[in-house]
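Following: one structure in structure tokens, then a few remarks.
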Amino acid sequence: MPGRPANILRLFPLTAGVDDGELRLGGLTARELLDAHGSPLVVYDEATVRAQARAYRAAAPDAFVCYGAKAFPNVALMRILAEEGIGADVSTAGEFRFAEAAGITGERLVVHGNNKSDEELGAAATAGSLVVVDSLEEVVRARETGVARTLIRVTPGIDADTHEAIRTAHHGSKFGLPPDDALEALRLAPETEGLHVHVGSQLLDSGAALMAVDWMATFAARARAELRWELRTIDLGGGLGVPTSLDDPQLDVEAFVPALLAELERACEQQDIPHPGVVLEPGRSLVGRAGVTLYRVGAVKETAAGRTWVAVDGGLSDNPRPALYGARYAALLANRADEPPHGTYAVAGKHCESGDVLIDRVELPEPRRGDILAVPATGGYTLAMGSNYNAVPRPAVVLVRDGNATVIRRRETIDDLLALESY
């Protein structure tokens, strides 16, 4: 399969290429990166992050685009996104502080959370940030803490075509308010400037998002008729997915966002309501493709069932998505990237857990101890959801650009973990 490297490279960052059999990212080989920074290593490509930010700004020039920081809260990346005109969507005091450290403050922040503390509401009020109200009791608490700008998060009962753990707009969701409660929230706080909806994450089809736009316009028309309340801002959330395997469909920013905005314009005209200002909250689609995780191959062994396991020096502590959601990833041997496949292998992490399987099936050249395994599209919801299971320190993160690599998150050490202990 001589074309395989070219095919799989579409999952890698824009600067990725194969020269003399070696994977390059941002002008550096995977071998150079691991030799300098150790393994495992998460590599972000700056050019890809900036390109995705610019794609959103071009697709929605009049919208406020803010980065869903939960995808990977990192000061350096958030600073780059801020340079491209992107704000931040934060949902905890920690994410709020990361945004502040990146220079994103005040009206450039949208504050989320289904259980905001008084301190978090107070910080949002002091900063003058937009707060997305998530429950009826929060309507009152937001006012008491001095929050001036609010949206009401509505749960329309739409089931997105994604894993059940990352659907967020279905009936019974822990997020947002059902329609009647949302109307009650608007009665309690008629000064509310708008509505928020988010149907789910890792969307590779626009159907549910378009359905949500129509539903929200109809709901806004109902609120206008019953309460004389006018919609001024609508936050359509995020959710655009990133292909992580060659079997996944591709849904680009350039297709997804204009379709949403066109549907919003059509729906507002149909409901005879003014066209509101728009907020978008992309996370994974800003940083997912930009990230690649590099591992060293360790043990390779064949089981009695004929399955050959390739063990790497990371796993669910740096990428729990396969274990949590059944996420599928691709991979290549970065130091032998132009070799044809020898067979089909399963890639396991090093953790004492049978579910620590990064990739169930992947075609590779025959792996050997010391090879470098590169897993693309790991820039969102991987290390951000990581842990120290088995007391394993989390990997370093570097940002690559024009042949240079900058550490933007240092590698944890066992001493770091022990420093949290009292003994």
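In the structure tokens, chains take letters A, B, ... by order of appearance, with residues numbered from 1 within each chain and ligands from 1 in the order shown.
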
Please, which residues in stretch 74-174 of chain A fall within 12 Å of stretch 179-182 of chain A when counting only C-alpha atoms, and what is the closest atom pair and distance in Å to one decimal for each, ordered by chain then residue number, as a Markdown table?
| residue | atom | partner | partner_atom | distance |
| --- | --- | --- | --- | --- |
| A:Val133 | CA | A:Ala182 | CA | 9.7 |
| A:Asp134 | CA | A:Ala182 | CA | 9.3 |
| A:Ser135 | CA | A:Asp181 | CA | 8.3 |
| A:Leu136 | CA | A:Asp181 | CA | 7.1 |
| A:Glu137 | CA | A:Asp181 | CA | 10.7 |
| A:Glu138 | CA | A:Ala182 | CA | 11.8 |
| A:Val139 | CA | A:Ala182 | CA | 10.3 |
| A:Leu151 | CA | A:Ala182 | CA | 10.3 |
| A:Ile152 | CA | A:Ala182 | CA | 6.7 |
| A:Arg153 | CA | A:Ala182 | CA | 7.6 |
| A:Val154 | CA | A:Ala182 | CA | 6.2 |
| A:Thr155 | CA | A:Pro179 | CA | 6.8 |
| A:Pro156 | CA | A:Pro179 | CA | 6.8 |
| A:Gly157 | CA | A:Pro179 | CA | 9.2 |
| A:Ala169 | CA | A:Pro179 | CA | 11.5 |
| A:His170 | CA | A:Pro179 | CA | 12.0 |
| A:His171 | CA | A:Pro179 | CA | 10.4 |

### Task
Would you list the contacts of A:Leu121 as a PyMOL selection string, taking every protein, DNA or RNA residue within 7 Å and counting only C-alpha atoms, but skipping same-chain residues closer than 4 positions in sequence?
chain A and resi 116-117+125+142+145

### Message
Applying 6 Å and only C-alpha atoms, which residues near stretch 48-60 of chain A remain after dropping the ones on its own chain fewer than 6 positions away? List them as a count of residues only.
### Response
5

### Task
Find the spatial neighbours of A:Thr382, counting only C-alpha atoms, within a cut-off of 8 Å - ignore same-chain residues fewer than 3 positions away - and output them as number ranges by chain.
A: 71-72, 318-321, 378-379, 385-386

Output for the residues just chosen: N, CA and C atoms as a tab-separated table (two decimals), in the first residue's frame:
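The result, written out as selection_20.tsv:
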chain	number	residue	atom	x	y	z
A	71	ALA	N	-11.39	21.49	25.88
A	71	ALA	CA	-10.73	20.60	24.93
A	71	ALA	C	-9.26	20.42	25.27
A	72	PHE	N	-8.61	21.49	25.68
A	72	PHE	CA	-7.25	21.45	26.22
A	72	PHE	C	-6.91	22.83	26.77
A	318	ASP	N	-3.01	9.48	29.27
A	318	ASP	CA	-2.88	10.65	28.41
A	318	ASP	C	-3.95	10.71	27.34
A	319	ASN	N	-4.68	9.61	27.12
A	319	ASN	CA	-5.79	9.60	26.17
A	319	ASN	C	-6.83	8.57	26.60
A	320	PRO	N	-7.79	8.99	27.45
A	320	PRO	CA	-8.81	8.06	27.91
A	320	PRO	C	-9.99	7.89	26.96
A	321	ARG	N	-10.00	8.60	25.82
A	321	ARG	CA	-11.17	8.57	24.95
A	321	ARG	C	-11.52	7.19	24.40
A	378	THR	N	-4.99	14.04	18.21
A	378	THR	CA	-5.11	13.91	19.67
A	378	THR	C	-5.01	15.27	20.37
A	379	GLY	N	-5.34	16.33	19.67
A	379	GLY	CA	-5.20	17.66	20.25
A	379	GLY	C	-6.35	18.10	21.13
A	385	MET	N	-8.21	15.33	29.60
A	385	MET	CA	-8.97	14.40	30.41
A	385	MET	C	-8.07	13.35	31.06
A	386	GLY	N	-6.76	13.59	31.01
A	386	GLY	CA	-5.80	12.62	31.49
A	386	GLY	C	-5.81	12.47	33.01

### Message
Which residues are close to stretch 331-336 of chain A, i.e. within 6 Å by only C-alpha atoms, leaving aside same-chain residues fewer than 2 positions away? Reply as a list in words.
### Response
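After dropping sequence-adjacent residues, the list is Gly21, Glu22, Leu23, Asp338, Glu339, Ile372, Leu373, Ala374 and Val375 of chain A.
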
### Task
Check the DSSP output for the backbone and give back, as a list of chain:residue names, the residues of stretch 231-335 of chain A in strand (DSSP E or B).
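DSSP-assigned strand (DSSP E or B) residues in stretch 231-335 of chain A: A:Thr233, A:Ile234, A:Asp235, A:Leu240, A:Gly277, A:Val278, A:Val279, A:Leu280, A:Gly291, A:Val292, A:Thr293, A:Leu294, A:Tyr295, A:Arg296, A:Val297, A:Gly298, A:Ala299, A:Val300, A:Lys301, A:Glu302, A:Thr308, A:Trp309, A:Val310, A:Ala311, A:Val312, A:Leu332, A:Leu333.
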
### Task
Find the distance between atom CA of A:Gly283 and atom CA of A:Ala36 and write it in Å to one decimal.
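Answer for the atom CA of A:Gly283 to atom CA of A:Ala36 separation: 29.0 Å.
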
### Query
Between A:Arg224, A:Leu34, A:Val147, A:Pro243, which one has atoms that come closest to A:Arg289, using only C-alpha atoms?
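Between A:Arg224, A:Leu34, A:Val147, A:Pro243, the residue approaching A:Arg289 most closely is A:Pro243.
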
### Task
Between atom CA of A:Val279 and atom CA of A:Tyr67, measure the distance and give it in Å to one decimal.
10.7 Å

### Message
Neighbouring residues of A:Leu227 were defined as those with any atom within 12 Å, considering only C-alpha atoms; residues of the same chain fewer than 4 positions away were excluded. Please report them as a ChimeraX atom specification.
### Response
/A:182-191,219-223,231

### Task
Would you work out the distance separating atom CA of A:Gly380 from atom CA of A:Arg284, expressed in Å to one decimal?
4.8 Å

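Across A:Asp360, A:Glu119, A:Glu366, A:Glu302, the tightest approach to A:His342 is made by A:Glu366 when counting only C-alpha atoms.
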
### Message
Give me the residues near A:Val300 as an NGL selection string, where near means some atom within 10 Å (using only C-alpha atoms) and where sequence neighbours in that chain fewer than 4 positions away do not count.
### Response
:A and (308-312 or 345-348 or 366-369)

Write the selection just made, keeping C-alpha atoms, as a PDB file, in the first residue's frame?
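Generated output (out-v9.pdb):
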ATOM      1  CA  THR A 308      -0.589  -9.267  18.358  1.00  0.00           C
ATOM      2  CA  TRP A 309      -0.284  -6.555  20.986  1.00  0.00           C
ATOM      3  CA  VAL A 310       1.981  -3.546  20.590  1.00  0.00           C
ATOM      4  CA  ALA A 311       2.523  -1.876  23.955  1.00  0.00           C
ATOM      5  CA  VAL A 312       3.491   1.808  24.198  1.00  0.00           C
ATOM      6  CA  TYR A 345      -1.982  -5.019  15.330  1.00  0.00           C
ATOM      7  CA  ALA A 346      -3.674  -3.859  18.526  1.00  0.00           C
ATOM      8  CA  VAL A 347      -2.057  -1.007  20.436  1.00  0.00           C
ATOM      9  CA  ALA A 348      -2.192  -1.145  24.229  1.00  0.00           C
ATOM     10  CA  GLU A 366       6.209  -5.108  11.887  1.00  0.00           C
ATOM     11  CA  PRO A 367       6.712  -3.112  15.122  1.00  0.00           C
ATOM     12  CA  ARG A 368       9.926  -3.383  17.101  1.00  0.00           C
ATOM     13  CA  ARG A 369      10.943  -2.147  20.534  1.00  0.00           C
TER      14      ARG A 369
END
